[in-house]
Structure formats: C-alpha cells, structure tokens
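Here's target29.cif, which has mmCIF, C-alpha atoms:
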```
data_model
loop_
_atom_site.label_atom_id
_atom_site.label_comp_id
_atom_site.auth_asym_id
_atom_site.auth_seq_id
_atom_site.Cartn_x
_atom_site.Cartn_y
_atom_site.Cartn_z
CA MET K 24 8.93 13.10 18.40
CA SER K 25 9.58 12.90 14.66
CA GLN K 26 10.43 9.54 13.10
CA ASN K 27 14.07 8.91 12.21
CA TYR K 28 15.01 6.97 9.07
CA ALA K 29 18.05 4.92 8.17
CA LYS K 30 18.50 6.86 4.94
CA ASP K 31 19.16 10.05 6.90
CA GLN K 32 21.79 8.63 9.26
CA PRO K 33 25.49 9.53 8.98
CA LYS K 34 27.98 7.37 7.11
CA GLY K 35 28.92 4.26 9.06
CA PHE K 36 25.48 3.82 10.63
CA ARG K 37 24.46 0.15 10.98
CA ASN K 38 20.74 -0.50 10.80
CA TYR K 39 21.01 -3.76 12.66
CA LEU K 40 22.51 -5.11 15.87
CA GLN K 41 25.87 -6.81 15.53
CA ASN K 42 26.79 -7.75 19.10
CA ILE K 43 24.54 -8.89 21.94
CA ALA K 44 25.46 -9.78 25.52
CA ILE K 45 23.35 -12.02 27.72
CA VAL K 46 23.38 -12.63 31.45
CA GLY K 47 22.07 -16.10 32.37
CA ALA K 48 22.72 -17.82 29.03
CA GLY K 49 22.34 -21.24 30.62
CA GLY K 50 19.40 -20.39 32.85
CA ARG K 51 15.74 -21.34 32.79
CA VAL K 52 14.68 -18.95 30.02
CA GLY K 53 18.18 -17.79 29.08
CA LYS K 54 19.04 -21.05 27.36
CA PHE K 55 15.96 -20.76 25.12
CA ILE K 56 16.91 -17.19 24.20
CA THR K 57 20.49 -18.28 23.54
CA ASP K 58 19.43 -21.21 21.37
CA ALA K 59 17.04 -19.02 19.37
CA ILE K 60 19.67 -16.34 18.70
CA LEU K 61 22.17 -18.99 17.64
CA ALA K 62 19.53 -20.57 15.36
CA ASN K 63 18.94 -17.20 13.70
CA GLY K 64 22.67 -17.03 12.93
CA LYS K 65 22.98 -13.42 14.06
CA PRO K 66 24.03 -11.30 15.89
CA THR K 67 27.22 -12.39 17.68
CA LEU K 68 26.32 -13.50 21.20
CA THR K 69 28.46 -13.08 24.32
CA ALA K 70 27.63 -14.65 27.69
CA ILE K 71 28.43 -12.52 30.74
CA ILE K 72 29.32 -14.85 33.59
CA ARG K 73 30.64 -14.39 37.11
CA LYS K 74 34.32 -15.19 37.57
CA GLY K 75 34.69 -18.76 38.76
CA SER K 76 31.22 -19.78 37.56
CA THR K 77 30.82 -23.41 36.48
CA ASN K 78 27.70 -22.73 34.41
CA GLN K 79 27.83 -24.29 30.97
CA VAL K 80 27.50 -22.06 27.92
CA PRO K 81 26.46 -23.47 24.52
CA GLU K 82 29.01 -23.79 21.75
CA GLY K 83 29.10 -20.74 19.51
CA VAL K 84 28.70 -18.27 22.39
CA LEU K 85 31.61 -16.05 23.41
CA ILE K 86 32.34 -15.72 27.13
CA LYS K 87 33.35 -12.74 29.25
CA GLU K 88 33.91 -13.15 32.97
CA VAL K 89 33.02 -10.33 35.35
CA ASN K 90 33.24 -9.30 38.98
CA TYR K 91 29.88 -7.82 40.01
CA ASP K 92 31.59 -5.88 42.79
CA ASP K 93 33.85 -4.13 40.26
CA HIS K 94 32.00 -1.63 38.05
CA SER K 95 34.94 -1.35 35.66
CA SER K 96 34.85 -5.12 35.13
CA LEU K 97 31.23 -4.94 34.03
CA VAL K 98 31.82 -1.94 31.78
CA ALA K 99 34.79 -3.63 30.09
CA ALA K 100 32.75 -6.77 29.42
CA LEU K 101 29.95 -4.73 27.84
CA GLN K 102 32.13 -2.54 25.63
CA GLY K 103 31.18 -2.92 21.97
CA GLN K 104 27.81 -4.53 22.72
CA ASP K 105 24.69 -3.20 21.00
CA ALA K 106 22.26 -4.84 23.41
CA LEU K 107 22.21 -6.48 26.83
CA ILE K 108 19.73 -9.22 27.79
CA ILE K 109 19.34 -9.75 31.53
CA THR K 110 17.90 -13.08 32.71
CA MET K 111 18.32 -14.00 36.36
CA GLY K 112 16.49 -16.18 38.85
CA VAL K 113 14.39 -14.83 41.69
CA THR K 114 17.17 -15.61 44.17
CA ALA K 115 19.71 -13.34 42.42
CA PRO K 116 20.74 -10.25 44.43
CA LYS K 117 18.35 -7.39 43.70
CA GLU K 118 21.19 -4.93 43.13
CA GLN K 119 22.71 -7.07 40.37
CA SER K 120 20.34 -5.73 37.70
CA ILE K 121 21.05 -2.17 38.80
CA LYS K 122 24.80 -2.75 38.48
CA LEU K 123 24.31 -4.15 34.97
CA ILE K 124 22.08 -1.26 33.89
CA LYS K 125 24.60 1.33 35.09
CA ALA K 126 27.51 -0.51 33.48
CA ALA K 127 25.61 -0.79 30.21
CA ALA K 128 25.10 2.96 30.20
CA ASP K 129 28.81 3.61 30.76
CA ALA K 130 29.64 1.12 27.99
CA ASN K 131 27.20 2.91 25.62
CA VAL K 132 24.97 -0.14 25.16
CA GLU K 133 21.91 1.20 23.36
CA TRP K 134 19.35 -1.51 24.14
CA ILE K 135 18.52 -3.42 27.33
CA VAL K 136 16.07 -6.30 27.71
CA PRO K 137 15.46 -6.10 31.50
CA ASN K 138 14.98 -9.10 33.74
CA GLU K 139 11.19 -9.09 33.68
CA PHE K 140 9.62 -11.77 31.55
CA GLY K 141 6.02 -11.57 32.64
CA PHE K 142 3.06 -9.25 32.35
CA ASN K 143 2.65 -5.94 30.58
CA HIS K 144 2.87 -3.48 33.45
CA ASP K 145 0.45 -0.90 32.10
CA ASP K 146 -2.08 -1.93 34.76
CA GLU K 147 -0.70 -0.33 37.94
CA LYS K 148 -3.33 -1.94 40.18
CA PHE K 149 -2.35 -5.40 38.97
CA ASP K 150 1.31 -4.52 39.57
CA ALA K 151 0.63 -3.44 43.12
CA ASP K 152 -1.51 -6.48 43.87
CA THR K 153 1.16 -8.94 42.69
CA TYR K 154 4.14 -7.17 44.34
CA VAL K 155 6.39 -7.58 41.29
CA GLY K 156 5.55 -4.65 39.07
CA ILE K 157 6.77 -1.79 41.24
CA PRO K 158 10.41 -3.01 41.66
CA LYS K 159 10.59 -3.79 37.94
CA LYS K 160 9.24 -0.35 37.08
CA SER K 161 12.08 1.24 39.05
CA GLU K 162 14.62 -0.52 36.82
CA ARG K 163 12.92 0.71 33.65
CA GLN K 164 12.80 4.21 35.10
CA LEU K 165 16.51 4.04 35.90
CA ILE K 166 17.30 3.15 32.29
CA GLU K 167 15.29 6.13 31.07
CA GLN K 168 16.72 8.50 33.70
CA ILE K 169 20.32 7.69 32.78
CA GLY K 170 19.38 8.24 29.14
CA LYS K 171 22.14 6.22 27.50
CA SER K 172 20.08 3.09 26.81
CA SER K 173 16.49 2.18 25.97
CA TRP K 174 14.53 -0.79 27.32
CA LEU K 175 12.57 -3.47 25.52
CA GLY K 176 10.05 -5.19 27.81
CA ILE K 177 9.07 -8.79 27.07
CA ALA K 178 5.45 -9.26 28.15
CA CYS K 179 5.11 -13.00 27.65
CA ASN K 180 2.92 -13.57 30.73
CA PHE K 181 3.40 -16.74 32.80
CA TRP K 182 5.51 -19.50 31.26
CA TYR K 183 3.19 -22.32 30.31
CA GLU K 184 5.25 -25.50 30.85
CA PHE K 185 6.70 -24.24 34.12
CA SER K 186 3.35 -23.04 35.46
CA LEU K 187 1.45 -26.15 34.45
CA GLY K 188 3.93 -28.52 36.08
CA SER K 189 4.81 -26.57 39.22
CA GLY K 190 1.91 -27.83 41.28
CA GLU K 191 -1.20 -26.30 42.82
CA ARG K 192 0.64 -23.07 43.68
CA THR K 193 0.71 -21.90 40.04
CA TYR K 194 -1.91 -23.01 37.48
CA GLY K 195 -3.59 -25.19 40.08
CA PHE K 196 -2.60 -28.69 38.94
CA ASP K 197 -0.99 -31.45 41.00
CA LEU K 198 0.00 -33.89 38.25
CA LYS K 199 1.23 -36.54 40.67
CA ASN K 200 -1.94 -36.75 42.75
CA ARG K 201 -4.26 -35.82 39.89
CA THR K 202 -5.93 -32.92 41.64
CA ALA K 203 -6.92 -29.52 40.26
CA LEU K 204 -7.66 -26.28 42.08
CA PHE K 205 -10.01 -24.19 39.92
CA TYR K 206 -10.32 -20.46 40.45
CA ASP K 207 -14.11 -19.93 40.42
CA ASP K 208 -15.42 -22.14 37.61
CA GLY K 209 -12.04 -22.58 35.90
CA GLU K 210 -13.21 -20.77 32.78
CA GLU K 211 -11.28 -17.47 32.96
CA LYS K 212 -8.88 -17.39 30.00
CA ILE K 213 -5.43 -15.84 30.34
CA PRO K 214 -2.50 -15.44 27.92
CA THR K 215 0.49 -17.70 28.52
CA SER K 216 3.75 -18.37 26.64
CA THR K 217 6.13 -21.28 26.28
CA TRP K 218 9.83 -20.91 27.00
CA GLN K 219 10.46 -21.65 23.35
CA LEU K 220 8.26 -18.79 22.15
CA THR K 221 9.84 -16.44 24.69
CA GLY K 222 13.27 -17.30 23.33
CA LYS K 223 12.17 -16.74 19.74
CA THR K 224 10.54 -13.44 20.74
CA VAL K 225 13.83 -12.03 22.03
CA ALA K 226 15.85 -13.45 19.13
CA ASN K 227 13.50 -12.17 16.44
CA LEU K 228 13.08 -8.81 18.16
CA LEU K 229 16.83 -8.20 18.25
CA SER K 230 17.11 -9.22 14.60
CA LEU K 231 14.85 -6.35 13.51
CA LYS K 232 16.16 -3.28 11.77
CA VAL K 233 16.89 -0.44 14.15
CA LEU K 234 15.10 2.19 12.06
CA PRO K 235 12.74 2.08 9.07
CA ASP K 236 14.63 2.55 5.82
CA ASP K 237 12.47 5.51 4.71
CA GLU K 238 8.97 6.93 4.82
CA ASN K 239 7.59 3.97 2.86
CA ASP K 240 9.00 1.30 5.18
CA THR K 241 6.23 0.00 7.46
CA SER K 242 8.07 -3.06 8.83
CA ALA K 243 8.58 -3.54 12.56
CA THR K 244 11.73 -1.94 13.97
CA LEU K 245 13.53 -1.73 17.29
CA ASP K 246 12.91 2.00 17.36
CA GLY K 247 9.18 1.29 17.19
CA TYR K 248 9.46 -0.70 20.43
CA ARG K 249 11.78 1.71 22.23
CA ASN K 250 10.86 1.90 25.94
CA LYS K 251 7.74 -0.19 25.32
CA PHE K 252 6.43 -3.67 26.04
CA ILE K 253 6.38 -6.35 23.38
CA ASN K 254 3.19 -8.35 23.95
CA VAL K 255 3.29 -12.01 22.93
CA ARG K 256 1.47 -15.20 23.81
CA SER K 257 1.50 -18.84 22.81
CA PHE K 258 -2.06 -19.53 23.92
CA ARG K 259 -5.06 -17.90 25.56
CA VAL K 260 -6.54 -20.64 27.70
CA SER K 261 -8.50 -21.39 30.84
CA GLN K 262 -7.82 -23.95 33.56
CA LYS K 263 -10.55 -26.12 32.02
CA ASP K 264 -8.67 -25.95 28.71
CA MET K 265 -5.46 -26.98 30.46
CA LEU K 266 -7.10 -29.95 32.18
CA ALA K 267 -8.66 -31.11 28.91
CA SER K 268 -5.21 -30.97 27.30
CA ILE K 269 -3.67 -32.95 30.19
CA LEU K 270 -6.32 -35.65 29.71
CA ARG K 271 -5.65 -35.78 25.97
CA VAL K 272 -1.87 -36.16 26.23
CA THR K 273 -1.97 -38.63 29.13
CA GLY K 274 -4.97 -40.65 28.01
CA ASP K 275 -6.37 -40.19 31.50
CA SER K 276 -10.03 -39.83 32.44
CA ILE K 277 -11.70 -36.95 34.25
CA GLU K 278 -13.12 -39.51 36.70
CA ASN K 279 -9.61 -40.06 38.06
CA TRP K 280 -9.21 -36.39 39.00
CA THR K 281 -10.36 -34.49 42.05
CA ILE K 282 -11.37 -30.90 41.33
CA ARG K 283 -11.69 -28.31 44.08
CA LYS K 284 -13.12 -24.86 43.38
CA VAL K 285 -12.36 -21.67 45.30
CA LYS K 286 -13.62 -18.11 44.98
CA VAL K 287 -10.59 -16.45 43.43
CA GLU K 288 -10.86 -13.11 45.27
CA ASP K 289 -11.06 -14.86 48.64
CA TYR K 290 -8.20 -17.21 47.79
CA TYR K 291 -6.03 -14.27 46.72
CA ALA K 292 -6.80 -12.34 49.95
CA GLU K 293 -6.07 -15.41 52.06
CA ASN K 294 -2.66 -15.84 50.48
CA VAL K 295 -1.80 -12.15 50.76
CA LYS K 296 -2.39 -12.52 54.50
CA LYS K 297 -0.26 -15.68 54.68
CA PHE K 298 2.52 -14.03 52.67
CA HIS K 299 2.68 -11.11 55.09
CA GLU K 300 2.82 -13.61 57.94
CA GLY K 301 5.97 -15.11 56.43
CA ASN K 302 4.65 -17.95 54.26
CA ARG K 303 6.86 -17.64 51.15
CA GLU K 304 4.93 -20.21 49.10
CA SER K 305 1.88 -17.97 49.31
CA PHE K 306 3.61 -15.45 47.06
CA ALA K 307 3.18 -17.69 44.00
CA ARG K 308 -0.40 -18.46 45.01
CA LEU K 309 -1.37 -14.79 45.35
CA MET K 310 0.38 -13.82 42.12
CA TYR K 311 -1.15 -16.55 39.98
CA SER K 312 -4.64 -16.29 41.47
CA ARG K 313 -4.64 -12.51 40.89
CA ALA K 314 -4.14 -13.15 37.16
CA PHE K 315 -7.36 -15.19 37.13
CA PHE K 316 -9.56 -12.36 38.42
CA LYS K 317 -12.30 -11.79 35.85
CA GLY K 318 -10.87 -9.64 33.06
CA ALA K 319 -7.53 -9.18 34.84
CA THR K 320 -5.42 -9.66 31.71
CA SER K 321 -7.89 -8.35 29.14
CA PHE K 322 -6.33 -4.86 29.04
CA VAL K 323 -3.83 -6.17 26.46
CA THR K 324 -5.78 -6.51 23.22
CA GLU K 325 -3.01 -6.53 20.60
CA PHE K 326 -0.13 -8.97 20.41
CA ASP K 327 3.08 -8.74 18.42
CA ASN K 328 3.44 -12.38 17.38
CA GLU K 329 2.79 -11.76 13.70
CA LYS K 330 5.04 -8.70 13.51
CA LEU K 331 7.90 -10.75 14.96
CA GLY K 332 7.29 -13.76 12.72
CA LEU K 333 6.57 -16.07 15.66
CA PRO K 334 5.23 -19.57 15.00
CA VAL K 335 1.78 -20.83 15.92
CA GLU K 336 2.41 -23.47 18.58
CA ASP K 337 0.57 -26.68 19.38
CA PHE K 338 -1.13 -26.52 22.78
CA ASP K 339 -1.00 -30.25 23.50
CA GLU K 340 2.67 -30.47 22.53
CA PHE K 341 3.67 -28.14 25.33
CA THR K 342 1.22 -29.68 27.80
CA LYS K 343 3.02 -32.96 27.11
CA ALA K 344 6.35 -31.20 27.66
CA ALA K 345 5.19 -30.14 31.14
CA VAL K 346 3.91 -33.65 31.92
CA ASP K 347 7.22 -35.15 30.78
CA MET K 348 9.20 -32.65 32.88
CA HIS K 349 7.11 -33.70 35.88
CA LYS K 350 7.77 -37.39 35.21
CA ASP K 351 11.50 -36.73 34.84
CA GLY K 352 11.66 -35.03 38.25
CA TYR K 353 12.39 -31.54 36.92
CA PHE K 354 10.11 -29.87 39.45
CA ASP K 355 11.34 -32.05 42.31
CA VAL K 356 14.80 -30.54 41.80
CA ILE K 357 13.36 -27.02 41.97
CA TYR K 358 11.00 -27.46 44.90
CA GLY K 359 12.52 -30.43 46.70
#
```
As structure tokens, the full file:
Amino acid sequence: MSQNYAKDQPKGFRNYLQNIAIVGAGGRVGKFITDAILANGKPTLTAIIRKGSTNQVPEGVLIKEVNYDDHSSLVAALQGQDALIITMGVTAPKEQSIKLIKAAADANVEWIVPNEFGFNHDDEKFDADTYVGIPKKSERQLIEQIGKSSWLGIACNFWYEFSLGSGERTYGFDLKNRTALFYDDGEEKIPTSTWQLTGKTVANLLSLKVLPDDENDTSATLDGYRNKFINVRSFRVSQKDMLASILRVTGDSIENWTIRKVKVEDYYAENVKKFHEGNRESFARLMYSRAFFKGATSFVTEFDNEKLGLPVEDFDEFTKAAVDMHKDGYFDVIYG
C-alpha cells in the first residue's frame, strides 16, 4: 500500500485528532490515561459512562451517558469522536467491547484503542498458553472486518506496581510476610510498564499527526501504527532485580526474607491443571509464570518509547509506589 501524505488530502482535512472518547475514565488504568491526555492539553476528552453510574470523572472531561443494551445510544454518544479508548476490568461483560466496536463503526470513529493493555500478541503460542490472546485477537479482527475503524494495540506488558504488590500470584512477592517465589533462579528478565507510562503512551500516541506531512517527514504518525501494536516498557527486570529494589526502598535485609524456588515449566503446568479444575486464582499464576519461561518475551526487540517521547522512569520510585499501595491496603480492597 502506498503512503498517504497530509499535503495530498482534500480541503478540510485535519492532520490531528480533535475529539477522543474513553470508556473507564476513572478505572485502574483509565484514570492514568485520562490524566495524561488532560496534561497534554489536547484533544477534547469525553467519558462514556453507563446511565446511573456513580463513577467519578475528573474535571475537564465531558460526559456522555449510554445504555449498553441500546445500540443507538452508543452510536449517538460516539458521534463526532475521532478515537475511542476502551478500558474495562476483567469482570466487565465480554460482549461490551463488541457493542462498543460496532457502535464506533456506525459512528465513523476512525481509531480504536481496544481493551487489551498487555503483551504484543505476535507470538501465537504464548497467546494460547495464557488464554487471553485469542479472545482479544477476535476483537481486533472484528475491527478490521467491519473496515470503518483501525486499531492501535498498547503492548505495555504487565503493570509493574500492580504486579509487584498483588502477592505471590503475580510477580511472586508477598510483601506482608516477606516471602518471594522465584521462577527457576529468578534471573529471567521481562519487560514491564507502570500505569503512569501506560497513560502517557496512549496520550502521546493520540497526539501524533495522522499522516506525515510529505515525503520528507519521518516523524511518527498514527497511520504508521495503524492495525499494529505499540511496544513500550518502563523497565526490563528480573525477580532478583525486583527484590533488590524492594530491599533498597524499605531498608530491609535479605536475611528477613524467605525465598522459594520452583521450576517454572512445572509450576505453569500445575496451575493450568488447577485452573481447569475450577481454581480461579490459578489463572493469574499460570499467566504470569508463562511470561517467565526462558526467552518468552524476547521476540519483541524494538520499543516505541523514544518515538512517543516517553520519559525514562526511576525503578525504585515505582517499587516504592507498590510498597506504599500495599501498606495503604489497596490490594486488600481488590482481593479481600
């Protein structure tokens, strides 16, 4: 396909996004995306919320209420929007994303950031092994099949603060009891991103020009990412790196910690079995452990941080954020 340029577009063409809608503006990652877009000062941001919702939306964000059982309600709310960002929790109805994608097409929304803030899904074996990639792929395929919109996939990998503080089931750390579960020797490095960087990724991405100005314009554009993954990371670290950071920010000593090591392939297989037997917590354990297979995430070799003007973050700062969230009871509210 030949490259299009802004200089060749008809009169009235805007080479930037003016209006963006977001679902989940006050949610776990949605609030970071919302704050980052507001900090950029553009485009205009509208929160799509369910009628009767009591969720709080930050000042400066427009609000449109919808009925998810009424297609025309969704289409009306999305009229005039250039892009739709979908952020929803794992407990949201699976058909909700499909309804939004179809409504966006009927409202002529050109760009959709789907509800999949995780791994680049170019590795189909990894997708199948973690049980998340295949359903997400069907949503991207739907966007392409309808042909009215294009998707922009945010491959930020696991969220660092959340995964560090969520207990043994994720990155292997029980901050309360000072225990660590290491996959093999704890030295496999994986990419991981903070919520803050994820928010800035979406905000800076949607602030890009749509098309290059002309043949001499080599800057990043939305068109260059059309129907592709945007690969970003805050850090590339191992479990040993994480533990060392925990010790630095807490002033603790390694002697106060109990470290247990498991063979990662066996641990993964064990939790696949438990998951199929109905143990829901094993889903997180199988998904996270699969990412620590040797070389599992090495298929992504280029990241888009520099192209998107993303900051270099301080590892210990966000380790401390996770420790503070743990102390404040954040994870107790989530997991009970």
**Report entry** Surrounding residues of K:Asn90 excluding itself and chain neighbours under 4 positions, 9 Å, all atoms listed in the file, as a PyMOL selection string
**Finding:** chain K and resi 72-74+94-97
Of K:Thr281, K:Leu175, K:Thr320, K:Arg313, the one sitting nearest K:Ala151 when using all atoms listed in the file is K:Arg313
- Message: Restricting the calculation to only C-alpha atoms: of K:Arg271, K:Ile43, K:Gly195, K:Thr153, which residue gets closest to K:Ile60?
- Response: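 Selected residue with least distance to K:Ile60: K:Ile43.
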Neighbours of K:Val346 within 8 Å (all atoms listed in the file; same-chain residues fewer than 6 positions away dropped), as a PDB file with C-alpha atoms, in the frame of the given file?
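The result, stored in result.pdb:
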```
ATOM      1  CA  GLY K 188       3.930 -28.520  36.080  1.00  0.00           C
ATOM      2  CA  LEU K 198       0.000 -33.890  38.250  1.00  0.00           C
ATOM      3  CA  ILE K 269      -3.670 -32.950  30.190  1.00  0.00           C
TER       4      ILE K 269
END
```
Taken to one decimal, the atom CA of K:Asn180-atom CA of K:Thr221 distance is 9.6 Å
request  = Extract, using all atoms listed in the file, all DNA, RNA and protein residues at most 10 Å from K:Ala44, discarding same-chain residues fewer than 4 positions from it, and format them as JSON, numbers by chain.
outcome  = {"K": [48, 66, 67, 68, 69, 70, 71, 84, 85, 86, 87, 100, 101, 102, 103, 104, 105, 106, 107, 108, 109, 132, 135]}
**OP:** Quick one: everything within 12 Å of K:Phe298, counting all atoms listed in the file, minus sequence neighbours fewer than 3 positions away in the same chain. Send it as number ranges by chain.
**Re:** K: 153-154, 291-295, 301-310
Legend entry - Spatial neighbours of stretch 253-266 of chain K, max dist 9 Å, all atoms listed in the file, sep filter under 5 positions, as a PyMOL selection string: chain K and resi 142-143+175-180+183+187+194-196+203-206+208-217+220-221+224+228+248+271+277+315+323+325-328+333-339+342
Correct to one decimal, the distance atom CA of K:Trp174-atom CA of K:Pro137 is 6.8 Å
One residue among K:Ser76, K:Thr110, K:Ser161, K:Ser189 is nearest to K:Tyr353 when using only C-alpha atoms, and that residue is K:Ser189
Starting from the PyMOL selection byres ((chain K and resi 162) around 12), expand the selection into actual residues of this file and give them as a PyMOL selection string.
chain K and resi 109+117-125+135-139+155-161+163-169+172-176+250
Can you work out which one of K:Glu191, K:Glu82, K:Glu184, K:Asp129 has the shortest atom-to-atom distance to K:Arg283, counting all atoms listed in the file?
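Nearest to K:Arg283: K:Glu191.
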Restricting to all atoms listed in the file, whichever of K:His299, K:Phe185, K:Tyr91, K:Gly170 is closest to K:Arg51 is K:Phe185
Residue with the minimum atom-to-atom distance to K:Leu331, picked from K:Lys54, K:Lys232, K:Lys30, K:Arg201 with only C-alpha atoms counted, is K:Lys232
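Taking atom CA of K:Lys251 as the reference point, atom CA of K:Val80 is found at 29.6 Å.
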